[in-house]
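Structure file coords_25.cif (mmCIF, C-alpha atoms) is printed below.
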data_target
#
loop_
_atom_site.group_PDB
_atom_site.id
_atom_site.type_symbol
_atom_site.label_atom_id
_atom_site.label_comp_id
_atom_site.auth_asym_id
_atom_site.auth_seq_id
_atom_site.Cartn_x
_atom_site.Cartn_y
_atom_site.Cartn_z
ATOM 1 C CA MET T 1 17.711 -8.161 9.049
ATOM 2 C CA ASP T 2 21.394 -7.219 8.761
ATOM 3 C CA LEU T 3 21.624 -3.469 8.082
ATOM 4 C CA GLU T 4 25.119 -3.656 6.550
ATOM 5 C CA LYS T 5 23.999 -6.262 4.025
ATOM 6 C CA LEU T 6 20.888 -4.186 3.309
ATOM 7 C CA LYS T 7 23.069 -1.105 2.821
ATOM 8 C CA GLY T 8 25.023 -2.997 0.153
ATOM 9 C CA GLU T 9 21.808 -3.698 -1.776
ATOM 10 C CA CYS T 10 20.832 -0.010 -1.900
ATOM 11 C CA GLU T 11 21.610 3.058 -3.944
ATOM 12 C CA ILE T 12 22.374 5.801 -1.427
ATOM 13 C CA LYS T 13 21.977 9.442 -2.316
ATOM 14 C CA ALA T 14 22.469 12.403 0.018
ATOM 15 C CA PHE T 15 20.595 15.639 -0.582
ATOM 16 C CA ARG T 16 19.783 18.876 1.184
ATOM 17 C CA ALA T 17 16.901 18.564 3.616
ATOM 18 C CA SER T 18 14.266 21.235 3.978
ATOM 19 C CA GLY T 19 12.378 22.422 7.031
ATOM 20 C CA PRO T 20 13.379 23.703 10.456
ATOM 21 C CA GLY T 21 16.883 23.181 11.794
ATOM 22 C CA GLY T 22 18.743 26.401 11.244
ATOM 23 C CA GLN T 23 21.656 27.207 9.008
ATOM 24 C CA HIS T 24 23.456 23.928 9.640
ATOM 25 C CA ARG T 25 20.586 21.983 8.106
ATOM 26 C CA ASN T 26 20.216 24.454 5.243
ATOM 27 C CA VAL T 27 23.833 24.192 4.068
ATOM 28 C CA THR T 28 24.606 20.488 4.548
ATOM 29 C CA ASP T 29 23.463 17.482 2.576
ATOM 30 C CA SER T 30 22.091 15.631 5.598
ATOM 31 C CA ALA T 31 18.994 13.942 4.139
ATOM 32 C CA VAL T 32 19.399 10.440 2.716
ATOM 33 C CA ARG T 33 17.418 8.665 0.018
ATOM 34 C CA LEU T 34 17.741 4.878 -0.203
ATOM 35 C CA LYS T 35 16.530 2.848 -3.154
ATOM 36 C CA HIS T 36 16.492 -0.890 -2.616
ATOM 37 C CA ARG T 37 17.574 -2.355 -5.968
ATOM 38 C CA PRO T 38 15.870 -5.778 -5.734
ATOM 39 C CA THR T 39 12.423 -4.461 -4.733
ATOM 40 C CA GLY T 40 12.460 -0.842 -5.913
ATOM 41 C CA ILE T 41 11.328 0.488 -2.526
ATOM 42 C CA VAL T 42 12.435 4.085 -1.888
ATOM 43 C CA VAL T 43 12.856 5.461 1.652
ATOM 44 C CA ILE T 44 13.905 8.957 2.737
ATOM 45 C CA GLY T 45 15.485 9.868 6.067
ATOM 46 C CA SER T 46 15.648 13.572 6.917
ATOM 47 C CA ARG T 47 14.482 13.800 10.516
ATOM 48 C CA HIS T 48 17.894 14.488 12.081
ATOM 49 C CA ARG T 49 20.652 17.000 11.358
ATOM 50 C CA SER T 50 23.220 14.221 11.036
ATOM 51 C CA GLN T 51 23.546 12.294 7.781
ATOM 52 C CA HIS T 52 24.675 9.167 9.634
ATOM 53 C CA ARG T 53 21.622 9.153 11.898
ATOM 54 C CA ASN T 54 19.353 9.735 8.891
ATOM 55 C CA LEU T 55 21.017 6.831 7.066
ATOM 56 C CA TYR T 56 20.529 4.510 10.044
ATOM 57 C CA ASP T 57 16.868 5.554 10.420
ATOM 58 C CA ALA T 58 16.231 5.087 6.696
ATOM 59 C CA LEU T 59 17.830 1.616 6.774
ATOM 60 C CA GLU T 60 15.606 0.587 9.685
ATOM 61 C CA ARG T 61 12.510 1.907 7.907
ATOM 62 C CA LEU T 62 13.511 0.100 4.715
ATOM 63 C CA ALA T 63 14.018 -3.185 6.596
ATOM 64 C CA ALA T 64 10.557 -2.841 8.129
ATOM 65 C CA ARG T 65 9.004 -2.186 4.703
ATOM 66 C CA ILE T 66 10.707 -5.223 3.184
ATOM 67 C CA VAL T 67 9.436 -7.445 6.017
ATOM 68 C CA GLN T 68 5.946 -5.977 5.559
ATOM 69 C CA ARG T 69 6.039 -6.686 1.823
ATOM 70 C CA LYS T 70 7.145 -10.282 2.436
ATOM 71 C CA LYS T 71 4.263 -10.818 4.871
ATOM 72 C CA ALA T 72 1.793 -9.437 2.344
ATOM 73 C CA ALA T 73 3.141 -11.754 -0.346
ATOM 74 C CA ARG T 74 2.657 -14.791 1.899
ATOM 75 C CA ARG T 75 -1.053 -14.168 2.443
ATOM 76 C CA ARG T 76 -3.283 -16.695 0.792
ATOM 77 C CA LYS T 77 -5.459 -15.493 -2.007
ATOM 78 C CA ARG T 78 -9.182 -15.773 -1.402
ATOM 79 C CA VAL T 79 -10.776 -18.775 -3.032
ATOM 80 C CA PRO T 80 -14.134 -17.815 -4.529
ATOM 81 C CA THR T 81 -16.973 -19.902 -3.160
ATOM 82 C CA VAL T 82 -20.172 -21.111 -4.809
ATOM 83 C CA LYS T 83 -23.462 -19.698 -3.547
ATOM 84 C CA PRO T 84 -25.576 -22.284 -1.769
ATOM 85 C CA ALA T 85 -28.676 -23.509 -3.594
ATOM 86 C CA ALA T 86 -30.998 -21.910 -1.029
ATOM 87 C CA VAL T 87 -29.437 -18.497 -1.614
ATOM 88 C CA ARG T 88 -29.729 -18.843 -5.397
ATOM 89 C CA GLN T 89 -33.385 -19.894 -5.028
ATOM 90 C CA ARG T 90 -34.120 -16.906 -2.765
ATOM 91 C CA GLU T 91 -32.536 -14.514 -5.286
ATOM 92 C CA LEU T 92 -34.557 -16.002 -8.159
ATOM 93 C CA THR T 93 -37.791 -15.714 -6.162
ATOM 94 C CA ALA T 94 -37.026 -12.057 -5.391
ATOM 95 C CA LYS T 95 -36.285 -11.408 -9.083
ATOM 96 C CA LYS T 96 -39.592 -12.960 -10.162
ATOM 97 C CA ARG T 97 -41.504 -10.909 -7.582
ATOM 98 C CA ARG T 98 -39.778 -7.728 -8.754
ATOM 99 C CA GLY T 99 -40.548 -8.566 -12.385
ATOM 100 C CA LYS T 100 -44.267 -8.998 -11.602
ATOM 101 C CA LEU T 101 -44.347 -5.591 -9.892
ATOM 102 C CA LYS T 102 -42.691 -3.976 -12.902
ATOM 103 C CA SER T 103 -45.130 -5.615 -15.304
ATOM 104 C CA LEU T 104 -48.039 -4.021 -13.389
ATOM 105 C CA ARG T 105 -46.670 -0.533 -14.122
ATOM 106 C CA GLY T 106 -47.711 -0.722 -17.799
ATOM 107 C CA LYS T 107 -50.744 0.958 -19.301
ATOM 108 C CA ILE T 108 -54.093 -0.659 -18.656
ATOM 109 C CA GLU T 109 -55.760 -2.094 -21.775
ATOM 110 C CA GLY T 110 -58.963 -0.401 -22.849
ATOM 111 C CA GLU T 111 -58.048 3.146 -21.845
#
Will you turn the file into structure tokens for me?
Amino acid sequence: MDLEKLKGECEIKAFRASGPGGQHRNVTDSAVRLKHRPTGIVVIGSRHRSQHRNLYDALERLAARIVQRKKAARRRKRVPTVKPAAVRQRELTAKKRRGKLKSLRGKIEGE
């Protein structure tokens, strides 16, 4: 996927990153948040002290997410199957047996 084209489809916002990195990281807006307009996917890059490196990393992560989403959309939906007649018969037999056991739990007549 072409990163420059992908960059054109995104809203890019720089913000101040938190965490370790010293004063340089604490006073510069080096973290980058990308929002892909067509899909709505949001990715944040704040691993490095450089805004450019964070932007590149975020673009790569966004491209991977878009590819992943496309693969998930291509999966076939499961077609529900009909239970075989033998399985249905087995379930009905088990239900009848269970019903007979439950009917024996009642009070005995004459007591």
Edge lengths and centre in Å, axis-aligned, range 57-60 of chain T plus 4 Å each side, as lines of an AutoDock Vina configuration file:
center_x = 16.7
center_y = 3.1
center_z = 8.6
size_x = 10.2
size_y = 13.0
size_z = 11.7
Item checked: Point (11.3, -5.1, 5.6), cut-off 12 Å, counting only C-alpha atoms, residues as an NGL selection string -> :T and (1-3 or 6 or 36 or 39 or 41-43 or 58-72)
(Q) Please list as a PyMOL selection string every residue within 9 Å of range 15-32 of chain T, counting only C-alpha atoms and excluding residues in the same chain fewer than 4 positions away. (A) chain T and resi 43-52+54-55+58
Next item on the list: Could you jot down the CA of Ile12 in chain T to CA of Arg37 in chain T separation for me, Å, one decimal place?
Entry: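 Between CA of Ile12 in chain T and CA of Arg37 in chain T the gap works out to 10.5 Å.
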- Measuring atom to atom with all atoms listed in the file, identify which of T:Cys10, T:Val87, T:Leu92, T:Ile108 is nearest to Arg33 in chain T.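 Among T:Cys10, T:Val87, T:Leu92, T:Ile108, it is T:Cys10 that comes nearest to Arg33 in chain T.
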From CA of Pro38 in chain T to CA of Tyr56 in chain T the spacing works out at 19.4 Å
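Taking CA of Lys100 in chain T and CA of Lys83 in chain T as the two end points, the separation is 24.7 Å.
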N, CA and C atoms for range 36-61 of chain T, written as a tab-separated table (two decimals), in the coordinates of the input, could you do that?
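The resulting file, rebuild-v9.tsv, is shown below:
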chain	number	residue	atom	x	y	z
T	36	HIS	N	16.15	0.52	-2.70
T	36	HIS	CA	16.49	-0.89	-2.62
T	36	HIS	C	16.40	-1.48	-4.02
T	37	ARG	N	17.53	-1.89	-4.57
T	37	ARG	CA	17.57	-2.36	-5.97
T	37	ARG	C	16.67	-3.56	-6.24
T	38	PRO	N	16.69	-4.61	-5.41
T	38	PRO	CA	15.87	-5.78	-5.73
T	38	PRO	C	14.36	-5.52	-5.73
T	39	THR	N	13.87	-4.67	-4.83
T	39	THR	CA	12.42	-4.46	-4.73
T	39	THR	C	11.96	-3.14	-5.31
T	40	GLY	N	12.86	-2.15	-5.40
T	40	GLY	CA	12.46	-0.84	-5.91
T	40	GLY	C	11.85	0.07	-4.86
T	41	ILE	N	11.88	-0.33	-3.61
T	41	ILE	CA	11.33	0.49	-2.53
T	41	ILE	C	12.25	1.67	-2.28
T	42	VAL	N	11.66	2.87	-2.15
T	42	VAL	CA	12.44	4.08	-1.89
T	42	VAL	C	12.05	4.61	-0.51
T	43	VAL	N	13.07	4.94	0.31
T	43	VAL	CA	12.86	5.46	1.65
T	43	VAL	C	13.72	6.70	1.82
T	44	ILE	N	13.17	7.71	2.49
T	44	ILE	CA	13.90	8.96	2.74
T	44	ILE	C	14.05	9.15	4.24
T	45	GLY	N	15.24	9.54	4.67
T	45	GLY	CA	15.48	9.87	6.07
T	45	GLY	C	15.98	11.30	6.15
T	46	SER	N	15.22	12.17	6.80
T	46	SER	CA	15.65	13.57	6.92
T	46	SER	C	15.23	14.18	8.25
T	47	ARG	N	14.97	13.32	9.23
T	47	ARG	CA	14.48	13.80	10.52
T	47	ARG	C	15.57	14.48	11.34
T	48	HIS	N	16.80	13.99	11.24
T	48	HIS	CA	17.89	14.49	12.08
T	48	HIS	C	18.82	15.41	11.29
T	49	ARG	N	19.69	16.12	12.03
T	49	ARG	CA	20.65	17.00	11.36
T	49	ARG	C	21.88	16.24	10.90
T	50	SER	N	22.05	15.02	11.38
T	50	SER	CA	23.22	14.22	11.04
T	50	SER	C	22.89	13.25	9.90
T	51	GLN	N	23.76	13.20	8.90
T	51	GLN	CA	23.55	12.29	7.78
T	51	GLN	C	23.62	10.83	8.23
T	52	HIS	N	24.52	10.54	9.16
T	52	HIS	CA	24.68	9.17	9.63
T	52	HIS	C	23.43	8.68	10.36
T	53	ARG	N	22.85	9.54	11.19
T	53	ARG	CA	21.62	9.15	11.90
T	53	ARG	C	20.47	8.99	10.91
T	54	ASN	N	20.40	9.86	9.91
T	54	ASN	CA	19.35	9.74	8.89
T	54	ASN	C	19.51	8.44	8.10
T	55	LEU	N	20.76	8.07	7.79
T	55	LEU	CA	21.02	6.83	7.07
T	55	LEU	C	20.58	5.63	7.89
T	56	TYR	N	20.90	5.61	9.16
T	56	TYR	CA	20.53	4.51	10.04
T	56	TYR	C	19.00	4.40	10.15
T	57	ASP	N	18.33	5.55	10.34
T	57	ASP	CA	16.87	5.55	10.42
T	57	ASP	C	16.24	5.06	9.12
T	58	ALA	N	16.77	5.50	7.99
T	58	ALA	CA	16.23	5.09	6.70
T	58	ALA	C	16.43	3.59	6.48
T	59	LEU	N	17.59	3.06	6.90
T	59	LEU	CA	17.83	1.62	6.77
T	59	LEU	C	16.85	0.81	7.62
T	60	GLU	N	16.58	1.28	8.83
T	60	GLU	CA	15.61	0.59	9.68
T	60	GLU	C	14.21	0.62	9.06
T	61	ARG	N	13.82	1.78	8.53
T	61	ARG	CA	12.51	1.91	7.91
T	61	ARG	C	12.40	1.01	6.67
